[in-house]
Amino acid sequence: MQELDRIGQKFIKRKIAERCVKLRYRAKTQNLDFNLTQEYLLQIFPTDCRCPALGVPFNWFGEHNNVPSVDRVIPERGYTQGNVVWVSRLANQIMSSAHPSQVIQVGKFAEKIFKQLYPKLKKTGF
């Protein structure tokens, strides 16, 4: 909660309210179930303001890939309580494009190729 306090509760609440409106509209246009509330989205927002999937800090202003995004865990279930999580936009794009096993498979392949091409660098040594 300390990080949320630093950024500002009012700011976060306003951003979440805006996101809730957009998600409601998206659900309606895609004929998906929707029962999210601003309060629920705030309740599940990571208190450390970091993407739980990638560990990067959320950034509301700059880096587009790190903007907080709401991901549907099971897309067919729509935007419903218990079926959404906050992640960075990049994590959402990665997870939306493939089944979890495929994401893991691609990650292992990328790590293997990286190690072959750059054996002296650490994992995070880009």
# chains A, B, ... in the order shown; residues from 1 in each chain; ligands from 1
$ residues_around --residues "Arg77 of chain A" --least-positions-apart "4" --cutoff "9 Å" --atoms "only C-alpha atoms" --output "PDB file with N, CA and C atoms, in the first residue's frame"
ATOM      1  N   LEU A  32     -19.645  -9.991 -24.254  1.00  0.00           N
ATOM      2  CA  LEU A  32     -19.041 -10.748 -23.165  1.00  0.00           C
ATOM      3  C   LEU A  32     -19.723 -10.390 -21.848  1.00  0.00           C
ATOM      4  N   ASP A  33     -19.694 -11.334 -20.915  1.00  0.00           N
ATOM      5  CA  ASP A  33     -20.220 -11.057 -19.581  1.00  0.00           C
ATOM      6  C   ASP A  33     -19.379  -9.981 -18.915  1.00  0.00           C
ATOM      7  N   PHE A  34     -20.033  -9.196 -18.058  1.00  0.00           N
ATOM      8  CA  PHE A  34     -19.343  -8.128 -17.342  1.00  0.00           C
ATOM      9  C   PHE A  34     -20.015  -7.911 -15.991  1.00  0.00           C
ATOM     10  N   ARG A  72      -8.150 -11.020 -19.039  1.00  0.00           N
ATOM     11  CA  ARG A  72      -9.134 -12.074 -18.762  1.00  0.00           C
ATOM     12  C   ARG A  72      -8.389 -13.400 -18.703  1.00  0.00           C
ATOM     13  N   VAL A  73      -8.473 -14.108 -17.592  1.00  0.00           N
ATOM     14  CA  VAL A  73      -7.776 -15.376 -17.428  1.00  0.00           C
ATOM     15  C   VAL A  73      -8.337 -16.395 -18.416  1.00  0.00           C
ATOM     16  N   ASN A  83     -12.146 -13.619 -12.724  1.00  0.00           N
ATOM     17  CA  ASN A  83     -11.603 -14.012 -14.025  1.00  0.00           C
ATOM     18  C   ASN A  83     -10.665 -12.962 -14.606  1.00  0.00           C
TER      19      ASN A  83
END
$ select_by_dssp --residues "segment 11-120 of chain A" --states "strand (DSSP E or B)" --output "list in words"
Phe34, Arg50, Pro57, Pro68, Ser69, Val70, Asp71, Arg72, Tyr79, Val84, Val85, Trp86, Val87 and Ser88 of chain A
$ select_by_dssp --residues "chain A" --states "helix (DSSP H, G or I)" --output "PDB file with C-alpha atoms, in the first residue's frame"
ATOM      1  CA  GLN A   2       2.974   2.278   0.525  1.00  0.00           C
ATOM      2  CA  GLU A   3       3.646   2.488  -3.235  1.00  0.00           C
ATOM      3  CA  LEU A   4      -0.020   3.239  -3.916  1.00  0.00           C
ATOM      4  CA  ASP A   5       0.116   6.026  -1.344  1.00  0.00           C
ATOM      5  CA  ARG A   6       3.198   7.485  -3.029  1.00  0.00           C
ATOM      6  CA  ILE A   7       1.510   7.605  -6.431  1.00  0.00           C
ATOM      7  CA  GLN A   9      -4.925   6.982  -4.131  1.00  0.00           C
ATOM      8  CA  LYS A  10      -7.071   9.535  -5.978  1.00  0.00           C
ATOM      9  CA  PHE A  11      -5.034   9.165  -9.150  1.00  0.00           C
ATOM     10  CA  ILE A  12      -5.187   5.361  -9.045  1.00  0.00           C
ATOM     11  CA  LYS A  13      -8.920   5.405  -8.329  1.00  0.00           C
ATOM     12  CA  ARG A  14      -9.542   7.749 -11.258  1.00  0.00           C
ATOM     13  CA  LYS A  15      -7.481   5.595 -13.626  1.00  0.00           C
ATOM     14  CA  ILE A  16      -9.289   2.447 -12.469  1.00  0.00           C
ATOM     15  CA  ALA A  17     -12.673   4.145 -12.888  1.00  0.00           C
ATOM     16  CA  GLU A  18     -11.722   5.072 -16.457  1.00  0.00           C
ATOM     17  CA  ARG A  19     -10.568   1.507 -17.135  1.00  0.00           C
ATOM     18  CA  CYS A  20     -13.806   0.076 -15.751  1.00  0.00           C
ATOM     19  CA  VAL A  21     -15.846   2.196 -18.192  1.00  0.00           C
ATOM     20  CA  LYS A  22     -13.671   1.063 -21.108  1.00  0.00           C
ATOM     21  CA  LEU A  23     -13.926  -2.583 -20.088  1.00  0.00           C
ATOM     22  CA  ARG A  24     -17.714  -2.349 -19.794  1.00  0.00           C
ATOM     23  CA  TYR A  25     -17.871  -0.909 -23.323  1.00  0.00           C
ATOM     24  CA  ARG A  26     -15.512  -3.589 -24.672  1.00  0.00           C
ATOM     25  CA  ALA A  27     -17.572  -6.340 -23.047  1.00  0.00           C
ATOM     26  CA  LYS A  28     -20.767  -4.945 -24.559  1.00  0.00           C
ATOM     27  CA  THR A  29     -19.312  -4.639 -28.070  1.00  0.00           C
ATOM     28  CA  GLN A  38     -14.345   0.064  -9.668  1.00  0.00           C
ATOM     29  CA  GLU A  39     -14.104  -1.180  -6.096  1.00  0.00           C
ATOM     30  CA  TYR A  40     -13.305  -4.735  -7.216  1.00  0.00           C
ATOM     31  CA  LEU A  41     -10.642  -3.567  -9.666  1.00  0.00           C
ATOM     32  CA  LEU A  42      -9.044  -1.438  -6.946  1.00  0.00           C
ATOM     33  CA  GLN A  43      -9.202  -4.358  -4.513  1.00  0.00           C
ATOM     34  CA  ILE A  44      -7.257  -6.657  -6.873  1.00  0.00           C
ATOM     35  CA  HIS A  64       3.656   1.890 -23.075  1.00  0.00           C
ATOM     36  CA  ASN A  65       4.484  -1.774 -22.370  1.00  0.00           C
ATOM     37  CA  ASN A  66       4.319  -1.214 -18.609  1.00  0.00           C
ATOM     38  CA  PRO A  75     -11.322 -15.090 -22.301  1.00  0.00           C
ATOM     39  CA  GLU A  76     -14.701 -16.741 -22.879  1.00  0.00           C
ATOM     40  CA  ARG A  77     -15.812 -15.929 -19.319  1.00  0.00           C
ATOM     41  CA  ARG A  89       0.241  -4.355 -21.241  1.00  0.00           C
ATOM     42  CA  LEU A  90       3.224  -6.380 -22.490  1.00  0.00           C
ATOM     43  CA  ALA A  91       2.368  -9.343 -20.252  1.00  0.00           C
ATOM     44  CA  ASN A  92      -1.266  -9.097 -21.386  1.00  0.00           C
ATOM     45  CA  GLN A  93      -0.223  -9.150 -25.047  1.00  0.00           C
ATOM     46  CA  ILE A  94       2.031 -12.146 -24.483  1.00  0.00           C
ATOM     47  CA  MET A  95      -0.637 -14.077 -22.599  1.00  0.00           C
ATOM     48  CA  SER A  96      -3.411 -13.141 -25.039  1.00  0.00           C
ATOM     49  CA  SER A  97      -1.558 -14.495 -28.032  1.00  0.00           C
ATOM     50  CA  PRO A 100       0.215 -20.812 -21.320  1.00  0.00           C
ATOM     51  CA  SER A 101       2.102 -23.933 -22.432  1.00  0.00           C
ATOM     52  CA  GLN A 102       2.978 -22.200 -25.709  1.00  0.00           C
ATOM     53  CA  VAL A 103       4.200 -19.095 -23.881  1.00  0.00           C
ATOM     54  CA  ILE A 104       6.453 -21.318 -21.737  1.00  0.00           C
ATOM     55  CA  GLN A 105       7.675 -23.206 -24.799  1.00  0.00           C
ATOM     56  CA  VAL A 106       8.579 -19.984 -26.632  1.00  0.00           C
ATOM     57  CA  GLY A 107      10.254 -18.637 -23.490  1.00  0.00           C
ATOM     58  CA  LYS A 108      12.426 -21.741 -23.184  1.00  0.00           C
ATOM     59  CA  PHE A 109      13.330 -21.528 -26.870  1.00  0.00           C
ATOM     60  CA  ALA A 110      14.217 -17.833 -26.580  1.00  0.00           C
ATOM     61  CA  GLU A 111      16.366 -18.524 -23.519  1.00  0.00           C
ATOM     62  CA  LYS A 112      18.176 -21.351 -25.334  1.00  0.00           C
ATOM     63  CA  ILE A 113      18.904 -19.171 -28.377  1.00  0.00           C
ATOM     64  CA  PHE A 114      19.978 -16.265 -26.177  1.00  0.00           C
ATOM     65  CA  LYS A 115      22.411 -18.477 -24.264  1.00  0.00           C
ATOM     66  CA  GLN A 116      23.878 -19.768 -27.547  1.00  0.00           C
ATOM     67  CA  LEU A 117      24.338 -16.307 -29.034  1.00  0.00           C
TER      68      LEU A 117
END
$ atom_distance --atom1 "atom CA of Ser69 of chain A" --atom2 "atom CA of Leu36 of chain A"
14.1 Å
$ closest_residue --among "A:Val67, A:Leu54, A:Ile74, A:Val84" --to "Ala98 of chain A" --atoms "only C-alpha atoms"
A:Ile74
$ closest_residue --among "A:Trp86, A:Tyr118, A:Phe58, A:Tyr79" --to "Asn31 of chain A" --atoms "only C-alpha atoms"
A:Tyr79
$ residues_around --residues "Val87 of chain A" --least-positions-apart "6" --cutoff "8 Å" --atoms "only C-alpha atoms" --output "count of residues only"
8
